[in-house]
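Reproduced below: input33.pdb, with PDB, C-alpha atoms.
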ATOM      1  CA  MET I  17     -86.492 149.614 -18.797
ATOM      2  CA  MET I  18     -82.986 151.002 -18.326
ATOM      3  CA  ARG I  19     -82.329 150.749 -22.082
ATOM      4  CA  GLU I  20     -85.386 152.912 -22.859
ATOM      5  CA  LYS I  21     -84.318 155.531 -20.292
ATOM      6  CA  VAL I  22     -80.735 155.666 -21.617
ATOM      7  CA  ALA I  23     -81.950 155.802 -25.246
ATOM      8  CA  GLU I  24     -84.266 158.708 -24.374
ATOM      9  CA  LEU I  25     -81.493 160.622 -22.561
ATOM     10  CA  LEU I  26     -79.135 159.964 -25.453
ATOM     11  CA  GLU I  27     -81.695 161.171 -27.980
ATOM     12  CA  ASN I  28     -82.150 164.395 -25.984
ATOM     13  CA  ALA I  29     -78.373 164.926 -25.801
ATOM     14  CA  LEU I  30     -78.025 164.431 -29.573
ATOM     15  CA  GLU I  31     -80.877 166.904 -30.168
ATOM     16  CA  GLU I  32     -78.683 169.571 -28.518
ATOM     17  CA  ASN I  33     -75.850 168.924 -30.967
ATOM     18  CA  LYS I  34     -77.339 168.022 -34.373
ATOM     19  CA  SER I  35     -73.911 167.347 -35.934
ATOM     20  CA  LEU I  36     -73.494 164.242 -33.728
ATOM     21  CA  PHE I  37     -75.169 160.917 -34.443
ATOM     22  CA  LEU I  38     -75.308 157.513 -32.799
ATOM     23  CA  ILE I  39     -73.342 154.582 -34.205
ATOM     24  CA  ASP I  40     -74.004 152.108 -31.403
ATOM     25  CA  LEU I  41     -75.613 151.870 -27.968
ATOM     26  CA  ASN I  42     -74.816 148.738 -26.004
ATOM     27  CA  ILE I  43     -75.933 147.951 -22.460
ATOM     28  CA  SER I  44     -74.585 144.720 -20.987
ATOM     29  CA  GLU I  45     -76.426 142.577 -18.463
ATOM     30  CA  ASP I  46     -74.376 144.115 -15.629
ATOM     31  CA  ASN I  47     -75.386 147.640 -16.790
ATOM     32  CA  GLN I  48     -72.183 148.655 -18.535
ATOM     33  CA  ILE I  49     -73.372 151.350 -20.942
ATOM     34  CA  ARG I  50     -71.270 151.877 -24.076
ATOM     35  CA  VAL I  51     -72.131 154.678 -26.495
ATOM     36  CA  ILE I  52     -70.273 155.150 -29.797
ATOM     37  CA  LEU I  53     -70.799 158.464 -31.587
ATOM     38  CA  ASP I  54     -69.755 160.007 -34.861
ATOM     39  CA  GLY I  55     -70.217 163.523 -36.132
ATOM     40  CA  ASP I  56     -70.486 165.393 -39.396
ATOM     41  CA  LYS I  57     -67.423 167.409 -38.317
ATOM     42  CA  GLY I  58     -65.863 164.701 -36.134
ATOM     43  CA  VAL I  59     -66.308 164.169 -32.397
ATOM     44  CA  THR I  60     -64.371 166.120 -29.787
ATOM     45  CA  VAL I  61     -63.608 165.125 -26.216
ATOM     46  CA  GLU I  62     -65.984 167.907 -25.150
ATOM     47  CA  ASP I  63     -68.761 166.287 -27.222
ATOM     48  CA  CYS I  64     -68.216 162.966 -25.444
ATOM     49  CA  ILE I  65     -68.192 164.693 -22.034
ATOM     50  CA  ALA I  66     -71.428 166.556 -22.790
ATOM     51  CA  VAL I  67     -73.234 163.380 -23.895
ATOM     52  CA  SER I  68     -71.838 161.451 -20.928
ATOM     53  CA  ARG I  69     -73.067 164.100 -18.486
ATOM     54  CA  ALA I  70     -76.482 164.262 -20.147
ATOM     55  CA  ILE I  71     -76.902 160.544 -19.494
ATOM     56  CA  GLU I  72     -75.128 160.166 -16.139
ATOM     57  CA  HIS I  73     -76.703 163.177 -14.430
ATOM     58  CA  ASN I  74     -80.195 161.978 -15.291
ATOM     59  CA  LEU I  75     -79.877 158.356 -14.210
ATOM     60  CA  ASP I  76     -80.501 157.581 -10.549
ATOM     61  CA  ARG I  77     -77.609 155.568  -9.098
ATOM     62  CA  GLU I  78     -79.957 154.398  -6.334
ATOM     63  CA  GLU I  79     -82.175 152.799  -8.968
ATOM     64  CA  TYR I  80     -79.458 151.626 -11.400
ATOM     65  CA  ASP I  81     -75.893 150.567 -10.693
ATOM     66  CA  PHE I  82     -74.067 151.307 -13.955
ATOM     67  CA  SER I  83     -70.830 152.256 -15.646
ATOM     68  CA  LEU I  84     -70.829 154.587 -18.653
ATOM     69  CA  GLU I  85     -68.423 154.889 -21.554
ATOM     70  CA  VAL I  86     -68.979 157.441 -24.348
ATOM     71  CA  MET I  87     -66.547 157.401 -27.279
ATOM     72  CA  SER I  88     -66.147 158.426 -30.874
ATOM     73  CA  ALA I  89     -66.034 155.917 -33.709
ATOM     74  CA  GLY I  90     -62.377 155.084 -34.301
ATOM     75  CA  VAL I  91     -60.603 155.679 -37.568
ATOM     76  CA  SER I  92     -60.228 151.942 -38.053
ATOM     77  CA  GLU I  93     -63.953 151.330 -37.577
ATOM     78  CA  PRO I  94     -65.938 150.440 -40.699
ATOM     79  CA  LEU I  95     -68.550 152.839 -42.042
ATOM     80  CA  THR I  96     -72.065 151.678 -41.158
ATOM     81  CA  LEU I  97     -74.460 154.557 -41.878
ATOM     82  CA  PRO I  98     -75.169 156.585 -45.055
ATOM     83  CA  ARG I  99     -74.404 159.737 -43.014
ATOM     84  CA  GLN I 100     -70.858 158.468 -42.441
ATOM     85  CA  TYR I 101     -70.349 157.945 -46.174
ATOM     86  CA  LYS I 102     -71.625 161.470 -46.881
ATOM     87  CA  LYS I 103     -69.183 163.054 -44.435
ATOM     88  CA  ASN I 104     -66.271 161.134 -46.013
ATOM     89  CA  ILE I 105     -66.831 162.219 -49.642
ATOM     90  CA  GLY I 106     -63.441 162.975 -51.204
ATOM     91  CA  ARG I 107     -61.600 160.390 -49.094
ATOM     92  CA  ASN I 108     -60.300 156.997 -50.212
ATOM     93  CA  LEU I 109     -62.147 153.860 -49.138
ATOM     94  CA  LYS I 110     -61.289 150.177 -49.046
ATOM     95  CA  ILE I 111     -64.424 148.135 -49.814
ATOM     96  CA  LYS I 112     -65.285 144.450 -49.425
ATOM     97  CA  THR I 113     -68.532 143.449 -51.082
ATOM     98  CA  LYS I 114     -70.723 140.542 -49.987
ATOM     99  CA  ASN I 115     -69.773 138.635 -53.144
ATOM    100  CA  GLY I 116     -66.055 138.812 -52.218
ATOM    101  CA  GLU I 117     -64.990 141.662 -54.524
ATOM    102  CA  LYS I 118     -62.409 144.095 -53.120
ATOM    103  CA  LEU I 119     -62.237 147.687 -54.342
ATOM    104  CA  GLU I 120     -60.205 150.752 -53.426
ATOM    105  CA  GLY I 121     -61.026 154.211 -54.654
ATOM    106  CA  GLU I 122     -62.231 157.705 -53.945
ATOM    107  CA  LEU I 123     -65.715 158.169 -52.518
ATOM    108  CA  THR I 124     -67.240 160.736 -54.885
ATOM    109  CA  ALA I 125     -70.950 160.649 -53.964
ATOM    110  CA  ALA I 126     -73.331 159.171 -51.386
ATOM    111  CA  THR I 127     -77.114 158.948 -51.160
ATOM    112  CA  GLU I 128     -79.431 157.227 -48.691
ATOM    113  CA  ASP I 129     -79.230 153.940 -50.670
ATOM    114  CA  SER I 130     -75.836 153.812 -52.384
ATOM    115  CA  PHE I 131     -72.456 155.463 -52.912
ATOM    116  CA  THR I 132     -70.132 156.052 -55.863
ATOM    117  CA  LEU I 133     -66.486 155.019 -55.935
ATOM    118  CA  THR I 134     -63.952 156.057 -58.614
ATOM    119  CA  TRP I 135     -60.487 154.629 -59.206
ATOM    120  CA  SER I 136     -57.770 154.222 -61.851
ATOM    121  CA  ALA I 137     -57.012 150.839 -63.385
ATOM    122  CA  ARG I 138     -54.442 149.548 -65.887
ATOM    123  CA  GLU I 139     -56.022 147.677 -68.796
ATOM    124  CA  PRO I 140     -54.650 146.263 -72.046
ATOM    125  CA  LYS I 141     -54.761 148.707 -74.959
ATOM    126  CA  PRO I 142     -57.633 148.126 -77.385
ATOM    127  CA  VAL I 143     -55.095 147.970 -80.231
ATOM    128  CA  GLY I 144     -51.463 147.003 -79.936
ATOM    129  CA  LYS I 145     -49.268 145.991 -77.027
ATOM    130  CA  GLY I 146     -49.051 147.520 -73.586
ATOM    131  CA  LYS I 147     -51.518 148.898 -71.110
ATOM    132  CA  VAL I 148     -53.373 152.142 -70.666
ATOM    133  CA  THR I 149     -54.702 153.767 -67.487
ATOM    134  CA  VAL I 150     -58.476 154.133 -67.445
ATOM    135  CA  GLN I 151     -60.835 155.734 -64.959
ATOM    136  CA  LYS I 152     -63.428 153.379 -63.461
ATOM    137  CA  GLU I 153     -66.561 154.237 -61.539
ATOM    138  CA  ALA I 154     -69.042 152.074 -59.655
ATOM    139  CA  THR I 155     -72.226 152.904 -57.783
ATOM    140  CA  LEU I 156     -72.689 150.382 -55.007
ATOM    141  CA  PRO I 157     -75.780 149.851 -52.837
ATOM    142  CA  TYR I 158     -75.034 149.758 -49.086
ATOM    143  CA  LYS I 159     -76.866 146.419 -48.826
ATOM    144  CA  ASP I 160     -74.142 144.792 -50.987
ATOM    145  CA  ILE I 161     -71.271 145.982 -48.759
ATOM    146  CA  MET I 162     -69.694 143.716 -46.182
ATOM    147  CA  GLU I 163     -67.169 146.304 -44.982
ATOM    148  CA  ALA I 164     -66.095 149.815 -45.932
ATOM    149  CA  LYS I 165     -63.183 151.558 -44.260
ATOM    150  CA  VAL I 166     -61.599 154.951 -44.774
ATOM    151  CA  MET I 167     -57.975 154.574 -45.862
ATOM    152  CA  ILE I 168     -55.680 156.739 -43.767
ATOM    153  CA  THR I 169     -52.805 158.357 -45.643
ATOM    154  CA  PHE I 170     -49.880 160.216 -44.114
TER
END
Exercise: express the given structure as structure tokens:
Amino acid sequence: MMREKVAELLENALEENKSLFLIDLNISEDNQIRVILDGDKGVTVEDCIAVSRAIEHNLDREEYDFSLEVMSAGVSEPLTLPRQYKKNIGRNLKIKTKNGEKLEGELTAATEDSFTLTWSAREPKPVGKGKVTVQKEATLPYKDIMEAKVMITF
């Protein structure tokens, strides 16, 4: 019952700020509530505070003994939702597919079912010795991805 109440309060809080979306809601057996958010324009501390208050102020501590943690998805966290891919278009990703293939490249497009990655590769020349740089592109369905992470560059 607590899960339904928290999910409803969370849904209401996210309705107030449409740029935020839920990555994960976890409630342990001892009522430790953990909410992980992401946003189309990132997540600020103020966003986390607002969502935390929307949940905490509407749960009765007499009825439920709980702890609450609201956080943004970390930079090292893998992408899990199509909306996260869409917000990261133009950034470089490191991909591991379910068949063991590893790719790195620029995320150039994302739909509800798949995303497109482009990268440069060195291949042997068609004629003669040496190698030539070619542009590669792959459209990958989300269902074939084991892990996708944004590569941070400084």
Answer key for the PyMOL selection byres ((chain I and resi 39) around 10), residues as a list in words: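 For this structure, the PyMOL selection byres ((chain I and resi 39) around 10) resolves to Leu36, Phe37, Leu38, Asp40, Leu41, Val51, Ile52, Leu53, Asp54, Gly55, Ser88, Ala89, Leu95, Thr96, Leu97 and Gln100 of chain I.
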Contact residues around region 122-134 of chain I with all atoms listed in the file at 7 Å, ignoring same-chain residues under 2 positions, as a count of residues only: 15
Resolved residues for the PyMOL selection byres ((chain I and resi 151) around 7) as an MDAnalysis selection string: chainID I and resid 135:137 149:150 152:153
Selection result for the PyMOL selection byres ((chain I and resi 17-31) around 12) on this file, as a ChimeraX atom specification: /I:32-55,63-77,79-82,84,86
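The shortest atom-to-atom distance to Gly58 (chain I), with all atoms listed in the file taken into account, belongs to I:Gly90 out of I:Gly121, I:Gly116, I:Gly90, I:Pro140.
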Neighbours of point (-66.5, 142.2, -51.7) within 12 Å, using all atoms listed in the file, written as an mmCIF file with C-alpha atoms, keeping the file's coordinate frame:
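What ended up in point21.cif:
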data_model
loop_
_atom_site.group_PDB
_atom_site.id
_atom_site.type_symbol
_atom_site.label_atom_id
_atom_site.label_comp_id
_atom_site.auth_asym_id
_atom_site.auth_seq_id
_atom_site.Cartn_x
_atom_site.Cartn_y
_atom_site.Cartn_z
ATOM 1 C CA LYS I 110 -61.289 150.177 -49.046
ATOM 2 C CA ILE I 111 -64.424 148.135 -49.814
ATOM 3 C CA LYS I 112 -65.285 144.450 -49.425
ATOM 4 C CA THR I 113 -68.532 143.449 -51.082
ATOM 5 C CA LYS I 114 -70.723 140.542 -49.987
ATOM 6 C CA ASN I 115 -69.773 138.635 -53.144
ATOM 7 C CA GLY I 116 -66.055 138.812 -52.218
ATOM 8 C CA GLU I 117 -64.990 141.662 -54.524
ATOM 9 C CA LYS I 118 -62.409 144.095 -53.120
ATOM 10 C CA LEU I 119 -62.237 147.687 -54.342
ATOM 11 C CA GLU I 120 -60.205 150.752 -53.426
ATOM 12 C CA LEU I 156 -72.689 150.382 -55.007
ATOM 13 C CA TYR I 158 -75.034 149.758 -49.086
ATOM 14 C CA LYS I 159 -76.866 146.419 -48.826
ATOM 15 C CA ASP I 160 -74.142 144.792 -50.987
ATOM 16 C CA ILE I 161 -71.271 145.982 -48.759
ATOM 17 C CA MET I 162 -69.694 143.716 -46.182
ATOM 18 C CA GLU I 163 -67.169 146.304 -44.982
ATOM 19 C CA ALA I 164 -66.095 149.815 -45.932
#
Å distance separating CA of Lys165 (chain I) from CA of Asn104 (chain I), one decimal place: 10.2 Å
Draw an axis-aligned box over all listed atoms of region 25-33 of chain I, pad each side with 8 Å, and write its centre and edge lengths in Å, one decimal, as JSON.
{"center_x": -79.0, "center_y": 164.8, "center_z": -26.8, "size_x": 22.3, "size_y": 25.6, "size_z": 24.4}
Interatomic distance, CA of Met87 (chain I) to CA of Asp56 (chain I) (Å, one decimal):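 About the pair CA of Met87 (chain I) and CA of Asp56 (chain I): they are 15.0 Å apart.
Minimum atom-to-atom distance to Lys57 (chain I), evaluated using only C-alpha atoms, belongs to I:Arg99 out of I:Ile168, I:Pro142, I:Arg99, I:Glu85.
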Atomic distance CA of Met167 (chain I) - CA of Lys103 (chain I), expressed in Å with one decimal: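 For CA of Met167 (chain I) relative to CA of Lys103 (chain I), the distance reads 14.1 Å.
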